[in-house]
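These notes are about the structure you will find just below.
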Amino acid sequence: MYKLIEFIRRIYVVLLFLVIEAVALNYYAHSSYYTQAKILSYANRVTGSVQGTIFGVKHFFTLRRENDMLTARVAELEGRLSAYREAAAAAQTDSLAAAVAADTLGVGLEGMSQYRYMTARTVSNSINRDRNFITLNRGLAHGVMTDMAVITPDGAMVGYVVGCSERYSVVLPLLNTDFRTSGKIAGDEYFGSISWSGSSPYEVDMAELSKYADIEVGAEVVSSGLSHYFPAGIRIGYVESYELNDSQTAYDVKIRLATDMTRLGNVILIENMDFGEVSALEADAAAGRTETMEFQP
Amino acid sequence: MFKNILSYAGVFVTAVLLQIFLLDNISLGVYFHPLVYSVFIILLPLDTKPVWVVLSSALLGVVMDAMTGTDGLNVIAATAAGFFRPMVIGATCGRTVGPDDTLPALYRLTTKNLAWYIGSMVVLHSAIFFFMETLSLRHLPHMLLRLAVSGTAAFALSWYFVRLFVGKILNK
């Protein structure tokens with residue numbers, strides 16, 4: 001209270017001046033239609049500007065909620081798109097009838113998709129070690145499980161889940177020297193092996209890309225779909241440079257990452273529903289058992 | 001003290017009457033409208049407390065508005081001129097006016113400083129008055145020409161008035 005009185009005592013001349021000016025301005029504004037219109041117009045402009053600023057500040061604080069909603073919406077639409085793509089592929093191989101039958105039986109296209117999408121937010125992230133990890137705020141309780149792919153809301157590759165607790169999960173990102181996946185030049189079928197050398201957080205390497213691949217600097221590199229973690233077509237980055245390896249049979253490619261790993265926020269998790277079945281089948285095949293078997297999840 | 005108050009009351013009345021009965025009735029075109037009554041604010045002692053300057057300026061504006069029927073226009077311009085006077089003094093006279101400072105007085109100012117002080121106050125008061133009168137910057141060149149013509153005339157008259165007051169009355 002004392003401080004308030006002291007403050008007013010310090011600025012009372014300014015207050016007095018403002019009060020006199022305000023009264024005079026009000027009186028002057030009502031003296032004619034011209035002054036009324038002009039001063040009202042100025043006042044509206046000032047009020048509008050102040051209200052605009054206040055709205056901008058308020059909007060800033062709701063951005064996070066809007067961002068979460070948009071990410072959830074992107075995940076939902078990705079799921080639908082994936083289902084439609086699979087339906088289109090099924091139609092091409094004369095299995096659309098099965099899809100239609102399933103639809104008539106009450107199973108929607110979303111239910112038929114190989115992939116399930118959900119969202120999460122990064123709670124910690126490291127980029128300055130050889131073996132970096134990302135922690136997400138979703139875990140087993142939210143339906144997250146190991147081997148789920150992680151991408152950004154705009155569809156760029158981040159990594160895949162390697163561990164889950166009840167409420168959190170840990171992701172092995174591209175920026176980990178243990179990370180491996182397969183990638184290809186967009187629109188081409190030759191694939192190579194993606195890994196990180198540990199040098200720059202903005203670059204990864206692609207080795208063993210066939211020398212017949214249609215490659216050029218700036219070309220987009222996407223996931224090939226041969227890895228069970230990621231669907232085909234997930235953006236990895238862009239070719240920065242390339243050269244033939246020592247044996248002159250394949251390219252070694254430097255790729256500029258599409259994801260800025262230094263500022264990750266919301267992410268999308270993708271579960272490949274067939275991952276367990278395919279992995280079990282491959283494991284059995286590797287063990288020499290090739291007879292038909294039924295998958296037990 | 002009482003004599004001084006009477007002197008300044010005389011300046012107040014003279015400035016208002018000069019403005020209303022002489023200068024407002026001279027028709028030399030739209031660009032000629034010298035506002036001389038602000039000389040009262042200029043002539044107030046430089047060490048006058050800001051609150052009294054603001055109140056005296058507002059009173060001057062109220063009287064002018066009442067006499068000319070301008071409904072607040074003179075109060076706006078005169079009060080603003082009075083409020084900004086300490087800043088104009090600091091900028092033109094080159095020293096601050098404070099309790100620990102040797103107080104400057106009009107008669108001790110150099111001719112150059114006095115001219116800057118009077119000129120700045122006249123321009124400030126006239127600019128606010130002319131802008132508030134038009135409430136638009138659409139005809140800015142015309143307003144600037146009006147400010148130049150009227151401001152020059154107001155400066156010349158104010159200069160004569162100040163020299164007369166300082167030389168003949170304050171020095172008595």
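Chain labels run A, B, ... following the order of the structure tokens; each chain numbers its residues from 1, and ligands are numbered from 1 in the order shown.
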Self-check item: All residues 10 Å or closer to Ser200 (chain A), only C-alpha atoms, same chain fewer than 4 positions away omitted, as a list in words
Solution: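 In the requested format, the answer is Ile127, Asn128, Leu175, Trp196, Val204 and Arg256 of chain A.
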Take the residues that were just selected and, keeping N, CA, C and O atoms, output them as a short mmCIF file (atom, residue, chain, number, x, y, z; two decimals), in the first residue's frame.
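Dumped everything to selection_27.cif:
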data_model
loop_
_atom_site.label_atom_id
_atom_site.label_comp_id
_atom_site.auth_asym_id
_atom_site.auth_seq_id
_atom_site.Cartn_x
_atom_site.Cartn_y
_atom_site.Cartn_z
N ILE A 127 21.45 -35.54 -28.08
CA ILE A 127 22.01 -35.60 -29.44
C ILE A 127 23.54 -35.56 -29.41
O ILE A 127 24.17 -35.65 -30.46
N ASN A 128 24.11 -35.42 -28.22
CA ASN A 128 25.56 -35.20 -28.16
C ASN A 128 26.36 -36.44 -27.80
O ASN A 128 27.53 -36.36 -27.45
N LEU A 175 19.84 -40.86 -34.65
CA LEU A 175 21.14 -40.41 -34.13
C LEU A 175 21.65 -41.35 -33.05
O LEU A 175 21.92 -40.95 -31.91
N TRP A 196 24.10 -44.18 -38.68
CA TRP A 196 24.67 -42.89 -38.26
C TRP A 196 26.11 -43.11 -37.80
O TRP A 196 26.38 -44.04 -37.01
N VAL A 204 23.07 -38.46 -41.82
CA VAL A 204 23.25 -39.90 -41.66
C VAL A 204 23.85 -40.45 -42.95
O VAL A 204 23.96 -39.72 -43.95
N ARG A 256 21.24 -35.53 -45.69
CA ARG A 256 20.86 -34.46 -44.74
C ARG A 256 19.49 -34.82 -44.18
O ARG A 256 18.54 -35.02 -44.95
#
Where does chain B meet chain A within 8 Å, residue by residue, with the nearest atom pair and distance in Å to one decimal for each, counting only C-alpha atoms, listed by chain and rising number, as a tab-separated table?
residue	atom	partner	partner_atom	distance
B:Pro50	CA	A:Val13	CA	7.0
B:Val51	CA	A:Val13	CA	5.5
B:Val54	CA	A:Phe17	CA	6.8
B:Ala58	CA	A:Ile20	CA	7.4
B:Thr70	CA	A:Tyr28	CA	7.7
B:Asp71	CA	A:Tyr28	CA	5.1
B:Gly72	CA	A:Ala24	CA	4.7
B:Leu73	CA	A:Tyr28	CA	6.1
B:Val75	CA	A:Ala24	CA	6.2
B:Ile76	CA	A:Glu21	CA	5.6
B:Thr79	CA	A:Phe17	CA	7.1
B:Ala80	CA	A:Phe17	CA	7.6
B:Phe83	CA	A:Phe17	CA	6.8
B:Leu135	CA	A:Lys38	CA	6.6
Kindly save the residues from that selection, with N, CA and C atoms included, as a PDB file, in the first residue's frame.
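result28.pdb was written with the following content:
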ATOM      1  N   PRO B  50       6.049  21.570 -11.712  1.00  0.00           N
ATOM      2  CA  PRO B  50       5.315  21.087 -12.896  1.00  0.00           C
ATOM      3  C   PRO B  50       3.811  21.027 -12.701  1.00  0.00           C
ATOM      4  N   VAL B  51       3.370  20.655 -11.487  1.00  0.00           N
ATOM      5  CA  VAL B  51       1.928  20.535 -11.266  1.00  0.00           C
ATOM      6  C   VAL B  51       1.233  21.883 -11.434  1.00  0.00           C
ATOM      7  N   VAL B  54       1.080  22.749 -15.155  1.00  0.00           N
ATOM      8  CA  VAL B  54       0.006  22.009 -15.829  1.00  0.00           C
ATOM      9  C   VAL B  54      -1.354  22.627 -15.505  1.00  0.00           C
ATOM     10  N   ALA B  58      -3.857  24.505 -18.062  1.00  0.00           N
ATOM     11  CA  ALA B  58      -5.229  24.022 -18.250  1.00  0.00           C
ATOM     12  C   ALA B  58      -6.222  25.166 -18.053  1.00  0.00           C
ATOM     13  N   THR B  70     -14.365  26.905 -28.533  1.00  0.00           N
ATOM     14  CA  THR B  70     -13.685  25.799 -29.236  1.00  0.00           C
ATOM     15  C   THR B  70     -13.794  24.464 -28.497  1.00  0.00           C
ATOM     16  N   ASP B  71     -14.506  24.420 -27.398  1.00  0.00           N
ATOM     17  CA  ASP B  71     -14.856  23.142 -26.749  1.00  0.00           C
ATOM     18  C   ASP B  71     -13.699  22.177 -26.482  1.00  0.00           C
ATOM     19  N   GLY B  72     -12.682  22.640 -25.805  1.00  0.00           N
ATOM     20  CA  GLY B  72     -11.627  21.723 -25.362  1.00  0.00           C
ATOM     21  C   GLY B  72     -10.351  21.750 -26.172  1.00  0.00           C
ATOM     22  N   LEU B  73     -10.413  22.343 -27.354  1.00  0.00           N
ATOM     23  CA  LEU B  73      -9.227  22.348 -28.220  1.00  0.00           C
ATOM     24  C   LEU B  73      -8.052  23.088 -27.577  1.00  0.00           C
ATOM     25  N   VAL B  75      -7.640  23.691 -24.387  1.00  0.00           N
ATOM     26  CA  VAL B  75      -7.189  22.987 -23.169  1.00  0.00           C
ATOM     27  C   VAL B  75      -6.199  21.888 -23.561  1.00  0.00           C
ATOM     28  N   ILE B  76      -6.532  21.136 -24.606  1.00  0.00           N
ATOM     29  CA  ILE B  76      -5.658  20.046 -25.042  1.00  0.00           C
ATOM     30  C   ILE B  76      -4.271  20.589 -25.397  1.00  0.00           C
ATOM     31  N   THR B  79      -2.471  22.536 -22.211  1.00  0.00           N
ATOM     32  CA  THR B  79      -2.048  21.616 -21.141  1.00  0.00           C
ATOM     33  C   THR B  79      -0.857  20.777 -21.600  1.00  0.00           C
ATOM     34  N   ALA B  80      -0.894  20.349 -22.861  1.00  0.00           N
ATOM     35  CA  ALA B  80       0.240  19.564 -23.378  1.00  0.00           C
ATOM     36  C   ALA B  80       1.503  20.418 -23.391  1.00  0.00           C
ATOM     37  N   PHE B  83       2.724  20.673 -19.870  1.00  0.00           N
ATOM     38  CA  PHE B  83       3.272  19.408 -19.373  1.00  0.00           C
ATOM     39  C   PHE B  83       4.682  19.155 -19.927  1.00  0.00           C
ATOM     40  N   LEU B 135      -7.438  16.983 -37.148  1.00  0.00           N
ATOM     41  CA  LEU B 135      -7.534  15.558 -36.799  1.00  0.00           C
ATOM     42  C   LEU B 135      -7.223  14.651 -37.994  1.00  0.00           C
TER      43      LEU B 135
END
Exercise. Please run DSSP on the backbone and report, as a list of chain:residue names, all residues within region 167-225 of chain A that come out as strand (DSSP E or B).
Key: A:Ser169, A:Val170, A:Val171, A:Leu172, A:Pro173, A:Asn176, A:Thr181, A:Ser182, A:Gly183, A:Lys184, A:Ile185, A:Phe191, A:Gly192, A:Ser193, A:Ile194, A:Ser195, A:Glu203, A:Val204, A:Asp205, A:Met206, A:Ala207, A:Glu208, A:Leu209, A:Ser210, A:Glu220, A:Val221, A:Val222, A:Ser223
Quiz prompt | Shell around region 137-139 of chain A at 7 Å using only C-alpha atoms, local window under 6 positions removed, as a list in words | solution =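 Everything that qualifies: Ala120, Arg121, Thr122, Val123, Cys164, Ser165, Glu166, Arg167, Tyr168 and Ser169 of chain A.
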Keeping only N, CA, C and O atoms, take the residues you just selected and write them out as a CSV table (one decimal), in the first residue's frame.
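That gives us result04.csv:
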chain,number,residue,atom,x,y,z
A,120,ALA,N,2.4,-38.9,-29.2
A,120,ALA,CA,3.2,-38.8,-28.0
A,120,ALA,C,4.0,-37.5,-28.0
A,120,ALA,O,4.1,-36.8,-29.1
A,121,ARG,N,4.5,-37.1,-26.9
A,121,ARG,CA,5.3,-35.9,-26.8
A,121,ARG,C,6.7,-36.3,-26.2
A,121,ARG,O,6.8,-37.1,-25.3
A,122,THR,N,7.8,-35.7,-26.7
A,122,THR,CA,9.1,-36.0,-26.2
A,122,THR,C,9.3,-35.3,-24.9
A,122,THR,O,8.9,-34.1,-24.7
A,123,VAL,N,9.8,-36.1,-23.9
A,123,VAL,CA,10.1,-35.5,-22.6
A,123,VAL,C,11.6,-35.3,-22.4
A,123,VAL,O,12.0,-34.5,-21.5
A,164,CYS,N,9.7,-49.9,-22.9
A,164,CYS,CA,8.5,-49.2,-22.4
A,164,CYS,C,8.3,-49.5,-20.9
A,164,CYS,O,8.6,-50.6,-20.4
A,165,SER,N,7.9,-48.5,-20.2
A,165,SER,CA,7.4,-48.6,-18.8
A,165,SER,C,5.9,-48.4,-18.9
A,165,SER,O,5.3,-48.2,-20.0
A,166,GLU,N,5.3,-48.3,-17.7
A,166,GLU,CA,3.8,-48.1,-17.7
A,166,GLU,C,3.4,-46.8,-18.4
A,166,GLU,O,2.5,-46.7,-19.2
A,167,ARG,N,4.2,-45.7,-18.1
A,167,ARG,CA,3.8,-44.4,-18.6
A,167,ARG,C,4.8,-43.8,-19.6
A,167,ARG,O,4.5,-42.7,-20.1
A,168,TYR,N,6.0,-44.4,-19.7
A,168,TYR,CA,7.0,-43.8,-20.6
A,168,TYR,C,7.5,-44.8,-21.6
A,168,TYR,O,7.5,-46.1,-21.3
A,169,SER,N,8.1,-44.4,-22.7
A,169,SER,CA,8.8,-45.3,-23.6
A,169,SER,C,10.1,-44.6,-24.1
A,169,SER,O,10.2,-43.4,-24.1
Practice problem: List every residue of chain B that DSSP, applied to the backbone of this structure, assigns to alpha helix (DSSP H), and report them as a PyMOL selection string. | Solution: chain B and resi 2-17+39-43+50-68+73-93+111-134+140-164
Quiz item: What is the CA of Ala156 (chain B) to CA of Leu35 (chain B) distance in Å?
Solution: 11.1 Å
Self-check item: Atom-to-atom span, CA of Tyr238 (chain A) and CA of Glu220 (chain A), Å
Solution: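 Taking CA of Tyr238 (chain A) as the start and CA of Glu220 (chain A) as the end point, the length is 4.5 Å.
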Exercise. Would you list the contacts of Ile128 (chain B) as a PyMOL selection string, taking every protein, DNA or RNA residue within 12 Å and counting only C-alpha atoms, but skipping same-chain residues closer than 2 positions in sequence?
Key: chain B and resi 35+73-81+84+121-126+130-136+143-144+147+151
Saved selection, atoms kept: C-alpha atoms, as a CSV table (one decimal), in the first residue's frame:
chain,number,residue,atom,x,y,z
B,35,LEU,CA,-1.3,31.5,-31.2
B,73,LEU,CA,-9.2,22.3,-28.2
B,74,ASN,CA,-7.3,25.0,-26.4
B,75,VAL,CA,-7.2,23.0,-23.2
B,76,ILE,CA,-5.7,20.0,-25.0
B,77,ALA,CA,-3.0,22.2,-26.7
B,78,ALA,CA,-2.2,24.4,-23.7
B,79,THR,CA,-2.0,21.6,-21.1
B,80,ALA,CA,0.2,19.6,-23.4
B,81,ALA,CA,2.5,22.6,-23.8
B,84,PHE,CA,6.2,19.2,-21.8
B,121,MET,CA,7.3,26.1,-27.0
B,122,VAL,CA,5.5,28.1,-29.8
B,123,VAL,CA,6.0,25.3,-32.3
B,124,LEU,CA,4.9,22.6,-29.8
B,125,HIS,CA,1.8,24.4,-28.8
B,126,SER,CA,0.8,25.4,-32.4
B,130,PHE,CA,-3.4,22.6,-35.6
B,131,PHE,CA,-3.3,18.8,-35.6
B,132,MET,CA,-6.2,18.6,-33.2
B,133,GLU,CA,-8.1,21.1,-35.2
B,134,THR,CA,-7.8,19.0,-38.4
B,135,LEU,CA,-7.5,15.6,-36.8
B,136,SER,CA,-5.9,14.3,-40.0
B,143,MET,CA,-0.6,22.0,-42.0
B,144,LEU,CA,3.2,22.4,-42.0
B,147,LEU,CA,2.6,25.9,-38.8
B,151,GLY,CA,4.6,29.8,-35.9
